[in-house]
Structures are given as C-alpha cells and as structure tokens.
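So this one's final.txt, compact mmCIF, C-alpha atoms and all ligand atoms:
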```
# COMPACT_ATOMS: atom_id res chain seq x y z
CA MET A 1 -16.77 -23.55 -50.44
CA THR A 2 -17.62 -23.52 -46.74
CA ALA A 3 -18.50 -20.18 -45.21
CA ALA A 4 -15.76 -18.63 -43.09
CA PRO A 5 -16.44 -19.17 -39.38
CA PHE A 6 -18.11 -16.40 -37.39
CA LEU A 7 -15.60 -14.29 -35.51
CA PRO A 8 -16.83 -13.11 -32.11
CA TYR A 9 -15.24 -9.98 -30.60
CA GLY A 10 -13.51 -12.18 -28.02
CA ARG A 11 -13.24 -15.83 -27.12
CA GLN A 12 -11.45 -17.94 -24.53
CA SER A 13 -8.65 -20.32 -25.49
CA ILE A 14 -8.87 -23.69 -23.74
CA ASP A 15 -6.37 -26.40 -24.62
CA GLU A 16 -5.49 -29.90 -23.41
CA SER A 17 -3.29 -28.56 -20.60
CA ASP A 18 -6.25 -26.60 -19.22
CA VAL A 19 -8.51 -29.64 -19.40
CA ARG A 20 -5.91 -31.82 -17.65
CA ALA A 21 -5.48 -29.25 -14.85
CA VAL A 22 -9.23 -29.11 -14.20
CA VAL A 23 -9.67 -32.89 -14.30
CA GLU A 24 -6.82 -33.28 -11.84
CA ALA A 25 -8.39 -30.70 -9.50
CA LEU A 26 -11.70 -32.57 -9.62
CA GLY A 27 -9.95 -35.65 -8.27
CA ALA A 28 -8.38 -33.82 -5.33
CA GLU A 29 -9.62 -33.88 -1.75
CA ALA A 30 -10.86 -30.30 -1.67
CA LEU A 31 -12.98 -28.86 -4.45
CA THR A 32 -12.88 -25.47 -2.77
CA THR A 33 -10.79 -23.65 -0.15
CA GLY A 34 -8.02 -26.22 -0.48
CA PRO A 35 -4.34 -25.92 -1.39
CA GLY A 36 -5.17 -24.84 -4.95
CA VAL A 37 -6.21 -21.40 -3.72
CA PRO A 38 -2.96 -20.20 -2.10
CA ALA A 39 -0.98 -21.95 -4.85
CA PHE A 40 -2.80 -19.98 -7.52
CA GLU A 41 -2.46 -16.76 -5.53
CA ALA A 42 1.31 -17.25 -5.27
CA GLN A 43 1.53 -18.04 -8.98
CA PHE A 44 -0.51 -14.96 -9.93
CA ALA A 45 1.52 -12.68 -7.65
CA ASP A 46 4.68 -14.01 -9.24
CA ALA A 47 3.33 -13.58 -12.79
CA VAL A 48 2.55 -9.88 -12.32
CA GLY A 49 5.31 -9.06 -9.83
CA ALA A 50 2.93 -8.36 -6.92
CA ARG A 51 3.63 -8.95 -3.24
CA HIS A 52 0.15 -10.31 -2.48
CA ALA A 53 -2.64 -11.66 -4.64
CA VAL A 54 -6.12 -12.49 -3.34
CA VAL A 55 -8.33 -14.62 -5.57
CA SER A 56 -12.12 -14.31 -5.56
CA ASN A 57 -15.03 -15.56 -7.62
CA SER A 58 -15.37 -12.58 -10.01
CA GLY A 59 -13.72 -9.41 -11.20
CA THR A 60 -16.61 -7.62 -9.52
CA ALA A 61 -15.64 -9.18 -6.18
CA ALA A 62 -12.01 -8.30 -6.94
CA LEU A 63 -13.10 -4.64 -7.10
CA HIS A 64 -15.37 -4.82 -4.05
CA LEU A 65 -12.88 -6.57 -1.73
CA PRO A 66 -10.29 -3.75 -1.65
CA LEU A 67 -13.01 -1.22 -0.85
CA LEU A 68 -14.14 -3.46 2.03
CA ALA A 69 -10.55 -3.81 3.26
CA LEU A 70 -10.21 -0.01 3.16
CA GLY A 71 -13.45 0.39 5.13
CA ILE A 72 -15.12 2.49 2.44
CA GLY A 73 -18.68 3.24 3.52
CA PRO A 74 -21.62 5.65 3.46
CA GLY A 75 -20.51 9.26 3.29
CA ASP A 76 -17.37 8.37 1.36
CA LEU A 77 -16.82 9.43 -2.22
CA ALA A 78 -15.41 7.18 -4.96
CA LEU A 79 -13.98 8.78 -8.11
CA VAL A 80 -14.70 6.39 -10.98
CA ALA A 81 -13.90 6.38 -14.70
CA SER A 82 -17.12 7.02 -16.59
CA VAL A 83 -16.31 4.61 -19.44
CA SER A 84 -16.03 1.12 -17.97
CA PHE A 85 -18.07 -1.93 -17.23
CA ILE A 86 -20.73 -1.06 -14.64
CA ALA A 87 -19.02 -3.18 -11.95
CA THR A 88 -16.31 -0.54 -11.42
CA ALA A 89 -18.85 1.94 -10.06
CA ASN A 90 -21.08 -0.68 -8.46
CA ALA A 91 -18.23 -1.81 -6.19
CA ALA A 92 -18.37 1.59 -4.49
CA ARG A 93 -22.18 1.51 -4.30
CA PHE A 94 -22.06 -1.95 -2.64
CA CYS A 95 -20.24 -0.16 0.20
CA GLY A 96 -22.79 2.64 0.34
CA ALA A 97 -20.28 5.17 -0.98
CA ASP A 98 -21.24 7.82 -3.50
CA VAL A 99 -19.75 7.89 -6.96
CA VAL A 100 -18.53 10.84 -8.97
CA PHE A 101 -17.73 10.02 -12.59
CA ALA A 102 -14.58 11.31 -14.26
CA ASP A 103 -14.65 12.17 -17.93
CA VAL A 104 -12.23 10.45 -20.30
CA ASP A 105 -9.95 11.38 -23.17
CA PRO A 106 -12.13 10.87 -26.27
CA ALA A 107 -9.21 9.32 -28.19
CA SER A 108 -8.31 6.66 -25.62
CA GLY A 109 -11.31 6.36 -23.30
CA LEU A 110 -8.91 6.76 -20.34
CA VAL A 111 -9.19 9.13 -17.42
CA THR A 112 -6.48 11.80 -17.18
CA PRO A 113 -5.30 13.94 -14.27
CA ASP A 114 -7.33 16.81 -15.77
CA THR A 115 -10.57 14.85 -15.97
CA LEU A 116 -10.07 13.50 -12.45
CA ARG A 117 -9.43 16.98 -11.06
CA ALA A 118 -12.49 18.37 -12.86
CA ALA A 119 -14.72 15.65 -11.38
CA VAL A 120 -13.50 16.38 -7.87
CA GLU A 121 -14.17 20.08 -8.40
CA ARG A 122 -17.69 19.18 -9.53
CA ALA A 123 -18.21 16.99 -6.46
CA GLY A 124 -16.89 19.74 -4.19
CA ARG A 125 -15.04 17.30 -1.96
CA ALA A 126 -12.12 14.90 -2.05
CA PRO A 127 -12.63 11.21 -2.82
CA ARG A 128 -11.48 8.48 -0.46
CA VAL A 129 -10.78 6.16 -3.35
CA VAL A 130 -9.99 6.57 -7.04
CA LEU A 131 -10.88 3.82 -9.53
CA PRO A 132 -9.17 4.37 -12.90
CA VAL A 133 -9.81 1.78 -15.61
CA HIS A 134 -7.15 0.43 -17.95
CA LEU A 135 -9.61 0.39 -20.82
CA ASN A 136 -8.87 -2.05 -23.65
CA GLY A 137 -5.53 -2.75 -21.95
CA TRP A 138 -3.95 0.72 -22.14
CA VAL A 139 -2.95 2.00 -18.73
CA ALA A 140 -4.36 5.31 -17.49
CA ASP A 141 -1.39 7.53 -16.43
CA PRO A 142 -0.51 5.63 -13.23
CA ALA A 143 1.99 8.17 -11.90
CA GLY A 144 -0.34 11.11 -12.55
CA VAL A 145 -3.29 9.35 -10.92
CA ALA A 146 -1.19 8.35 -7.91
CA GLU A 147 0.09 11.89 -7.38
CA LEU A 148 -3.43 13.32 -7.42
CA ALA A 149 -4.70 10.59 -5.10
CA ARG A 150 -1.91 11.34 -2.61
CA GLY A 151 -3.04 14.97 -2.55
CA TRP A 152 -6.58 13.89 -1.72
CA ASP A 153 -5.37 11.25 0.76
CA ALA A 154 -7.26 8.72 -1.37
CA ALA A 155 -6.41 5.12 -2.19
CA VAL A 156 -6.08 3.97 -5.79
CA VAL A 157 -7.84 0.78 -6.91
CA GLU A 158 -6.97 0.15 -10.55
CA ASP A 159 -9.48 -1.77 -12.62
CA ALA A 160 -7.10 -3.84 -14.73
CA CYS A 161 -9.70 -6.35 -15.90
CA HIS A 162 -8.55 -5.56 -19.47
CA ALA A 163 -4.85 -5.32 -18.77
CA VAL A 164 -3.37 -8.57 -17.43
CA GLY A 165 0.06 -9.19 -18.96
CA GLY A 166 0.60 -5.52 -19.84
CA ARG A 167 3.63 -3.38 -19.03
CA TYR A 168 4.20 0.37 -18.75
CA ASP A 169 7.44 2.25 -18.06
CA ASN A 170 9.30 -0.78 -16.57
CA HIS A 171 6.39 -1.95 -14.48
CA SER A 172 4.12 -4.88 -14.83
CA VAL A 173 0.37 -4.16 -14.50
CA GLY A 174 -0.61 -5.58 -11.12
CA ALA A 175 2.75 -4.99 -9.43
CA CYS A 176 1.13 -2.02 -7.67
CA ALA A 177 4.04 0.28 -8.48
CA HIS A 178 1.61 3.21 -8.37
CA ALA A 179 -1.68 1.81 -7.05
CA ASP A 180 -2.76 0.47 -3.69
CA PHE A 181 -4.67 -2.33 -5.38
CA THR A 182 -5.04 -3.77 -8.86
CA ALA A 183 -8.16 -5.76 -9.74
CA PHE A 184 -8.36 -8.38 -12.49
CA SER A 185 -11.21 -10.43 -13.95
CA LEU A 186 -10.77 -14.00 -15.17
CA HIS A 187 -14.12 -14.18 -16.95
CA PRO A 188 -13.93 -16.27 -20.16
CA VAL A 189 -13.90 -13.23 -22.42
CA LYS A 190 -10.80 -11.83 -20.65
CA THR A 191 -7.20 -12.67 -21.54
CA VAL A 192 -6.89 -15.49 -18.98
CA THR A 193 -9.89 -17.27 -17.53
CA MET A 194 -10.94 -19.46 -14.64
CA GLY A 195 -14.61 -19.68 -15.72
CA GLU A 196 -15.66 -16.98 -13.30
CA GLY A 197 -13.04 -15.40 -11.09
CA GLY A 198 -11.05 -12.38 -10.07
CA VAL A 199 -7.75 -11.48 -8.46
CA THR A 200 -6.77 -8.38 -6.48
CA THR A 201 -3.10 -7.58 -5.93
CA THR A 202 -1.59 -5.27 -3.31
CA SER A 203 1.74 -4.56 -1.63
CA ASP A 204 0.13 -4.27 1.80
CA GLU A 205 -0.07 -7.48 3.80
CA ALA A 206 -2.68 -6.22 6.28
CA LEU A 207 -4.97 -5.11 3.44
CA ALA A 208 -4.47 -8.48 1.72
CA GLU A 209 -5.57 -10.20 4.94
CA GLY A 210 -8.52 -7.81 5.18
CA MET A 211 -9.59 -8.85 1.68
CA ARG A 212 -9.25 -12.54 2.60
CA ARG A 213 -11.53 -12.07 5.62
CA ALA A 214 -14.07 -10.06 3.61
CA ARG A 215 -14.03 -12.83 0.99
CA ASN A 216 -15.06 -15.37 3.65
CA HIS A 217 -17.96 -13.77 5.58
CA GLY A 218 -15.70 -11.49 7.64
CA MET A 219 -14.64 -14.57 9.63
CA THR A 220 -11.33 -15.23 11.32
CA ARG A 221 -9.99 -18.39 12.97
CA ASP A 222 -6.75 -16.69 14.04
CA PRO A 223 -6.64 -16.66 17.89
CA ALA A 224 -4.33 -13.66 17.79
CA ARG A 225 -7.17 -11.65 16.26
CA PHE A 226 -10.00 -12.75 18.57
CA VAL A 227 -11.73 -9.89 20.36
CA SER A 228 -14.11 -11.95 22.50
CA PRO A 229 -11.81 -14.01 24.80
CA GLU A 230 -14.57 -15.31 27.08
CA GLN A 231 -16.15 -17.03 24.07
CA ALA A 232 -12.93 -17.87 22.26
CA PHE A 233 -10.89 -19.62 24.93
CA GLY A 234 -11.53 -22.47 27.37
CA ALA A 235 -10.54 -22.55 31.06
CA ASP A 236 -7.11 -23.86 30.04
CA GLY A 237 -6.57 -20.82 27.84
CA ALA A 238 -6.66 -22.85 24.61
CA PRO A 239 -8.88 -21.63 21.78
CA ASN A 240 -12.14 -23.55 21.55
CA PRO A 241 -11.86 -25.93 18.58
CA TRP A 242 -15.19 -24.90 17.03
CA TYR A 243 -14.67 -21.23 17.43
CA TYR A 244 -14.42 -18.59 14.74
CA GLU A 245 -15.18 -14.94 14.98
CA MET A 246 -17.05 -12.64 12.64
CA GLN A 247 -15.99 -9.07 13.29
CA ASP A 248 -17.15 -7.43 10.07
CA LEU A 249 -19.89 -8.13 7.57
CA GLY A 250 -18.22 -10.12 4.80
CA PHE A 251 -19.32 -12.08 1.75
CA ASN A 252 -18.87 -15.46 0.17
CA TYR A 253 -16.51 -14.42 -2.61
CA ARG A 254 -14.43 -17.60 -2.42
CA ALA A 255 -12.97 -19.12 -5.58
CA THR A 256 -12.98 -22.90 -5.92
CA ASP A 257 -9.86 -25.05 -6.23
CA VAL A 258 -11.24 -26.24 -9.57
CA ALA A 259 -11.43 -22.69 -10.89
CA CYS A 260 -7.96 -21.94 -9.48
CA ALA A 261 -6.57 -24.98 -11.31
CA LEU A 262 -7.91 -23.57 -14.58
CA GLY A 263 -6.57 -20.12 -13.68
CA GLY A 264 -3.14 -21.57 -12.94
CA SER A 265 -3.05 -23.47 -16.20
CA GLN A 266 -4.16 -20.39 -18.16
CA LEU A 267 -1.56 -18.26 -16.41
CA ARG A 268 1.17 -20.61 -17.62
CA ARG A 269 -0.03 -19.74 -21.13
CA LEU A 270 -0.13 -15.97 -20.50
CA ASP A 271 3.12 -15.18 -22.33
CA GLY A 272 1.85 -16.98 -25.42
CA PHE A 273 -1.49 -15.16 -25.26
CA VAL A 274 0.25 -11.81 -24.90
CA ALA A 275 2.61 -12.50 -27.79
CA ARG A 276 -0.27 -13.48 -30.09
CA ARG A 277 -2.36 -10.47 -29.04
CA ARG A 278 0.59 -8.19 -29.87
CA GLN A 279 0.96 -9.77 -33.31
CA LEU A 280 -2.75 -9.36 -34.02
CA GLN A 281 -2.66 -5.77 -32.76
CA ALA A 282 0.26 -4.97 -35.10
CA ARG A 283 -1.55 -6.56 -38.04
CA TYR A 284 -4.73 -4.57 -37.33
CA ASP A 285 -2.75 -1.35 -36.86
CA ALA A 286 -1.05 -1.83 -40.23
CA ALA A 287 -4.17 -2.94 -42.10
CA LEU A 288 -6.26 -0.08 -40.71
CA ALA A 289 -3.75 2.64 -41.59
CA ASP A 290 -5.48 2.98 -44.99
CA LEU A 291 -8.88 3.57 -43.42
CA ALA A 292 -7.86 6.69 -41.49
CA PRO A 293 -9.34 9.09 -40.66
CA HIS A 294 -12.68 7.27 -40.94
CA VAL A 295 -11.45 4.38 -38.78
CA ARG A 296 -8.70 4.78 -36.20
CA PRO A 297 -7.52 2.51 -33.39
CA VAL A 298 -7.93 3.96 -29.90
CA ALA A 299 -4.99 6.20 -29.06
CA ALA A 300 -1.84 4.32 -28.08
CA GLN A 301 -0.28 5.44 -24.79
CA PRO A 302 3.44 6.33 -24.88
CA GLY A 303 5.87 4.08 -23.04
CA GLN A 304 3.52 1.12 -22.80
CA SER A 305 3.59 -2.42 -24.15
CA PRO A 306 0.06 -3.50 -23.48
CA ALA A 307 -1.50 -6.93 -23.77
CA LEU A 308 -4.71 -5.58 -25.25
CA HIS A 309 -7.89 -7.32 -24.13
CA LEU A 310 -10.01 -5.59 -26.78
CA TYR A 311 -9.06 -4.22 -30.16
CA ALA A 312 -11.27 -1.13 -30.28
CA VAL A 313 -11.49 1.38 -33.12
CA ARG A 314 -13.06 4.81 -33.33
CA ILE A 315 -15.29 5.18 -36.35
CA ALA A 316 -16.73 8.45 -37.67
CA PHE A 317 -20.22 6.94 -38.04
CA ALA A 318 -21.96 10.32 -38.32
CA GLY A 319 -19.52 11.59 -40.94
CA LEU A 320 -19.94 8.40 -42.96
CA GLY A 321 -23.71 8.62 -42.62
CA ILE A 322 -23.96 5.04 -41.30
CA PRO A 323 -25.63 4.34 -37.96
CA ARG A 324 -23.47 2.13 -35.74
CA ALA A 325 -26.26 -0.41 -35.20
CA ALA A 326 -26.64 -0.83 -38.97
CA ALA A 327 -22.88 -1.24 -39.39
CA MET A 328 -22.82 -3.88 -36.64
CA GLU A 329 -25.67 -5.79 -38.31
CA ALA A 330 -23.97 -5.65 -41.70
CA LEU A 331 -20.67 -6.83 -40.19
CA ARG A 332 -22.49 -9.66 -38.42
CA ALA A 333 -23.97 -10.72 -41.76
CA ARG A 334 -20.39 -10.97 -43.03
CA GLY A 335 -19.38 -13.15 -40.08
CA VAL A 336 -17.78 -10.37 -38.06
CA GLY A 337 -18.91 -9.95 -34.45
CA THR A 338 -18.41 -6.56 -32.83
CA GLN A 339 -19.40 -4.94 -29.54
CA VAL A 340 -19.52 -1.52 -27.89
CA HIS A 341 -17.37 -1.07 -24.76
CA TYR A 342 -19.00 0.86 -23.14
CA MET A 343 -21.92 3.20 -22.75
CA PRO A 344 -20.83 5.68 -20.03
CA ILE A 345 -21.91 4.26 -16.68
CA TYR A 346 -23.67 7.50 -15.66
CA ARG A 347 -26.21 6.84 -18.46
CA GLN A 348 -27.47 3.66 -16.77
CA PRO A 349 -30.97 4.24 -15.39
CA TYR A 350 -29.81 3.26 -11.89
CA TYR A 351 -27.16 5.99 -11.89
CA GLU A 352 -29.44 8.53 -13.58
CA GLY A 353 -31.91 7.81 -10.79
CA LEU A 354 -29.24 8.56 -8.20
CA TYR A 355 -27.37 11.46 -9.73
CA GLY A 356 -29.54 12.78 -12.54
CA ARG A 357 -28.77 13.11 -16.22
CA GLN A 358 -25.12 13.73 -17.06
CA ARG A 359 -23.28 14.05 -20.34
CA LEU A 360 -19.50 14.31 -20.08
CA PRO A 361 -18.10 15.44 -23.45
CA GLY A 362 -15.08 13.12 -23.70
CA ALA A 363 -17.05 10.05 -22.62
CA GLU A 364 -19.87 10.89 -25.03
CA ALA A 365 -17.49 11.36 -27.97
CA TYR A 366 -15.71 8.11 -27.14
CA TYR A 367 -18.97 6.20 -26.74
CA ASP A 368 -20.35 7.55 -30.03
CA SER A 369 -17.34 6.37 -32.01
CA ILE A 370 -16.23 3.12 -30.45
CA LEU A 371 -16.43 -0.42 -31.79
CA SER A 372 -14.55 -3.52 -30.58
CA LEU A 373 -13.42 -5.80 -33.42
CA PRO A 374 -12.76 -9.56 -33.21
CA PHE A 375 -9.61 -10.10 -31.14
CA PHE A 376 -8.53 -13.39 -29.56
CA PRO A 377 -5.42 -15.57 -29.73
CA ALA A 378 -6.85 -18.27 -31.99
CA MET A 379 -7.52 -15.73 -34.76
CA GLN A 380 -5.46 -16.16 -37.90
CA ASP A 381 -3.70 -13.31 -39.66
CA GLU A 382 -6.18 -13.78 -42.54
CA ASP A 383 -9.05 -13.27 -40.09
CA VAL A 384 -7.72 -9.78 -39.38
CA ASP A 385 -7.60 -9.08 -43.10
CA ARG A 386 -11.14 -10.38 -43.46
CA VAL A 387 -12.40 -8.09 -40.67
CA VAL A 388 -10.71 -5.07 -42.21
CA GLY A 389 -12.11 -5.97 -45.64
CA ALA A 390 -15.61 -6.28 -44.17
CA LEU A 391 -15.24 -2.90 -42.44
CA ARG A 392 -14.16 -1.31 -45.71
CA ALA A 393 -17.14 -2.77 -47.55
CA VAL A 394 -19.72 -2.00 -44.87
CA LEU A 395 -18.51 1.57 -44.33
CA GLY A 396 -18.08 2.17 -48.07
CA ILE A 397 -14.48 3.42 -47.76
C1 LIG B 401 -15.06 -7.89 -16.86
C2 LIG B 401 -14.93 -6.59 -16.17
C3 LIG B 401 -15.31 -6.39 -14.83
C4 LIG B 401 -16.06 -7.41 -14.04
O1 LIG B 401 -15.53 -8.66 -14.05
P1 LIG B 401 -16.45 -9.95 -13.78
O2 LIG B 401 -15.43 -11.03 -13.66
O3 LIG B 401 -17.34 -10.10 -14.95
O4 LIG B 401 -17.20 -9.71 -12.52
C5 LIG B 401 -15.06 -5.15 -14.26
N1 LIG B 401 -14.47 -4.16 -14.94
C6 LIG B 401 -14.11 -4.30 -16.23
C7 LIG B 401 -13.44 -3.16 -16.93
C8 LIG B 401 -14.33 -5.51 -16.88
O5 LIG B 401 -14.00 -5.63 -18.17
```
Take the structure from the file and write it as structure tokens.
Amino acid sequence: MTAAPFLPYGRQSIDESDVRAVVEALGAEALTTGPGVPAFEAQFADAVGARHAVVSNSGTAALHLPLLALGIGPGDLALVASVSFIATANAARFCGADVVFADVDPASGLVTPDTLRAAVERAGRAPRVVLPVHLNGWVADPAGVAELARGWDAAVVEDACHAVGGRYDNHSVGACAHADFTAFSLHPVKTVTMGEGGVTTTSDEALAEGMRRARNHGMTRDPARFVSPEQAFGADGAPNPWYYEMQDLGFNYRATDVACALGGSQLRRLDGFVARRRQLQARYDAALADLAPHVRPVAAQPGQSPALHLYAVRIAFAGLGIPRAAAMEALRARGVGTQVHYMPIYRQPYYEGLYGRQRLPGAEAYYDSILSLPFFPAMQDEDVDRVVGALRAVLGI
C-alpha cells in the first residue's frame, strides 16, 4: 500500500488552460505593461462586480496603493484588525501613518463595531482609514464598519485577500458596496493566483487613477495633468514626445502581462474553485460536528455565502492538555499539514518596539485556539475524512 499523499493546508490549482494562457502571453509583444494588464483588470472588475480594478504585483501592494491614493501619511492613524497577515498593518506604516489595532471576536477572528470603537477610544483620536480583514473568507460586518468609518470621516480599505468569490447580503466581495477599496492577493496559496499579484477595486475613478500612478513611480504621461508646462510643451504647444512627469513619490508595483494571463485564466475557473471549496467546507462542518466542543469551526457569519480561503478550527488545546505545536507535529506525521493564521500583529517585535506590549483578549483567545486544516480544490472528500480522523486520533477525542 502506498502512503496517502501529504496534504498541505493550501495549494494552488494549475491546469492545462492556465499553462496555455501563460505560454501564449510569453509569445506576445509585451511581457509587461501591455494589453494583458487592462484586459485582466476589466475581467476582474466584472468578476466581482466592481467599477474599477487596479492590478499590482502583490496583495501587499494592493493594500498600499489605496493608502497612497488617499494621501495617507505621517500623523494619520490607521485602524487595523489585530489578527491578520502583517501586510495589512505594514501598508499603513509604509505611508508613515500610525497603527492602532482593533481586537477581534474570539469565535470568528473578525473585528466588530464594538472592537473598532474601543480601539479608537484607546487611541484617543479618529482614524483616517479603517482596514478590516475578511479573515478565512468571512466578511467583517461591512455595513457596521462603514457606518462607524463615516462618523470618523475615515476611508475603508477592506483586506479581502481571503475572500475572493465570496458574497454577503446580495453583494459580491470586491464590489465596494460598503468599502472605498477592496484589496485582494493572488499569491499561490490564495483562491486564485497569478504567481505573485494583487488587485484593488474601487468605485471611484479618480482614486483608481491615483493607484495606477502610484503603481508606476508616480509618473503621468497625460498632458492634461502636467503641472510644469515650460518643460512639458514645445514652442508649438505640443507635448514633448519624451516627456513624463513625476508629481508624487510612487513605486514599481506593476504586474506583468504574463502574470495577468495566469490571473485571467484562473479567474475563469473561479466559479469552479468556489463550488468545490463550498463542498469541502460542508463536508468538514458535518464531519467535525462530532468533535464539538473540543474542535469547532470558526463562527459562521449570518447572511453570507463565503468562498473560504482557509478552513480554520478552534481547538481547546489547554483543556485537552495537548500543546498546539505537539498536535501539529503529530498531524504532520500522519500526512496532515496545518498552519496558524495568525499571531496577532501587535505581538511582532517590530510593532512591540513601536507601541509596546499589548494583549487584546479576543485576539489572544482566537490565536490560542486556531488551526488551519488542509483546504484546496483538488482535495477529495476522503481527504477531509482522513484529516478529521487524524485530528480525532491526535487529540484523543
Ligand atoms: C496574503 C495576504 C496578504 C498579502 O498578500 P501578498 O500577495 O502575499 O503580498 C495580505 N493580507 C492577508 C490577509 C493575506 O492573506
């Protein structure tokens, strides 16, 4: 008998159609900054029901670009979910803004209006931008967050790196029904990939253009925008053919046409990915029902049909008397890969150096209990059963 294959917590799905799309892009005139970029942006906007989509070379850039377009800078405050990948907070720090971390609901890992309000009270001033995170793929109360943000006169930049393909109330994640911007990552571990890449959606055309300039060094070649006419235009009033203008400090966050070709191909498979993730989620939910209360999925949010990126469970490690690290090692020995998403960002030495030691009770409880189980479209139903069986054995329940 051959050993069952190792199941990582997540894995990309690349098929022949993806390979063909990339090979075709490699044969095109432009490897980067060609027609593949706006084509992919239009396709992405259409897929999530957004007015504008701006592609970049990472989810991190997709979080930084909206803050640049908003002109966030030193002296500004960003209100950030404490349980997320570090990039959510770092985007604000790249701009020189300060970060205040909001606690999360220990059952879902999501910020709530109460935890956001409490963080602002702690900070003693209103934020200019709020960055909620749709952790695992569940959406953090968009209407509640938007209402609070309006009161503070703050913009909302949703980190939806886990949530592409999800829906809540009748809205598609990324349509910006409640947020000013929605940021996605297309890293290989995420639901759709372009190798490395990110997309930011918005309803505001001027802010979309601002993100496109910030993505390309802060440059513009649009004569209508030039502010230095004596350099820009010749004696005949025509723009000088070599001329471009840099008005703000931007970055090279451009995505290549090759990556956009992969992104476009993956996006055509999104519905299939979402359907399979929902089936796997349902199978896990059913199989884990027996393991409650020792093992429970993160709390489902009412009115949502998510396309979960991670299948995360809360485990009462202390009550079971099994350290999480030991459980992870034992699961690994049984071919089951797991991961912890995430240690609260305020615990990172960089942030402790800036803001001191913090322990927010909801984030701590969530962090102590959480474990992401194998979850990717190529998994078989029997793989889910195998994971649940391994959990049962390792936890002794
Ligand atoms: C993946 C991820 C990011 C960063 O995306 P990259 O593409 O790796 O830069 C940011 N936030 C969250 C929640 C993520 O999962």
Practice prompt. Up to 10 Å from (-9.4, 0.9, -15.6) in the file's coordinates: name the residues, counting all atoms listed in the file, as a ChimeraX atom specification.
Written response: /A:80-85,88,109-111,131-140,157-163,182-184
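Distances here use only C-alpha atoms and all ligand atoms; by that measure, the residue among A:Asp18, A:Asp169, A:Glu196, A:Asp114 closest to ligand LIG 401 (chain B) is A:Glu196.
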Discussion item. Would you pick out the contacts of Ala154 (chain A) at 8 Å or less, using all atoms listed in the file, so that residues sharing its chain but fewer than 3 positions from it are not included, and give the list as number ranges by chain?
Written reply: A: 126-130, 149-151
Fill in: Ile14 (chain A) surroundings by all atoms listed in the file, 12 Å radius, close-in-sequence under 5 positions cut, as number ranges by chain
A: 19-22, 188-189, 191-195, 262-263, 265-267, 269, 273, 376-378
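Coordinates place CA of Val55 (chain A) at a distance of 7.9 Å from CA of Phe40 (chain A).
Remark: for Gly319 (chain A), the closest of the candidate residues A:Leu391, A:Ile397, A:Arg347, A:Val298 is A:Ile397 (distances computed over only C-alpha atoms).
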Centre, x/y/z edge lengths, axis-aligned box for region 119-135 of chain A with 6 Å per side, as JSON:
```
{"center_x": -12.7, "center_y": 10.2, "center_z": -10.6, "size_x": 23.1, "size_y": 31.7, "size_z": 32.4}
```
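Reported to one decimal place, the separation of CA of Thr115 (chain A) from CA of Glu147 (chain A) is 14.0 Å.
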Response to the item:
note - CA of Ala393 (chain A) and CA of Ala325 (chain A) are separated by 15.5 Å
Worksheet item: Near Thr60 (chain A), within 9 Å and counting all atoms listed in the file, which residues show up once chain neighbours fewer than 2 positions away are dropped, as number ranges by chain?
Response: A: 56-58, 62-65, 87-88, 90-91, 183-185, 197-198
Discussion item. Give me, as a list in words, all polymer residues having an atom no more than 6 Å from Ala179 (chain A), counting all atoms listed in the file and skipping those fewer than 2 positions away in the same chain.
Written reply: Val156, Cys176 and Phe181 of chain A
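Considering all atoms listed in the file, the residue among A:Ala363, A:Val387, A:Ile72, A:Leu371 positioned nearest to Ala102 (chain A) is A:Ala363.
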Practice prompt. Take the point (-22.2, -11.8, -39.7) in the file's coordinates, draw a sphere of radius 12 Å around it, and report as a PyMOL selection string every protein, DNA or RNA residue with an atom inside or on it, counting only C-alpha atoms.
Written response: chain A and resi 3-9+326-338+374+386-387+390-391+394
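Here the question is which of A:Gly75, A:Gly59, A:Gly36, A:Pro293 gets nearest to ligand LIG 401 (chain B) using only C-alpha atoms and all ligand atoms, and that residue is A:Gly59.
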Worksheet item: Pick from A:Val99, A:Val37, A:Leu270, A:Leu67: nearest to Ile86 (chain A), with only C-alpha atoms counted?
Response: A:Val99
Worksheet entry | Proximity to ligand LIG 401 (chain B) - best of A:Pro344, A:Leu320, A:Arg283, A:Ala208, all atoms listed in the file | A:Pro344
Worksheet item: Could you name the residues that touch region 285-287 of chain A at 8 Å or less, counting all atoms listed in the file, but leaving out those on the same chain fewer than 5 positions away, as an NGL selection string?
Response: :A and (297 or 385 or 388)
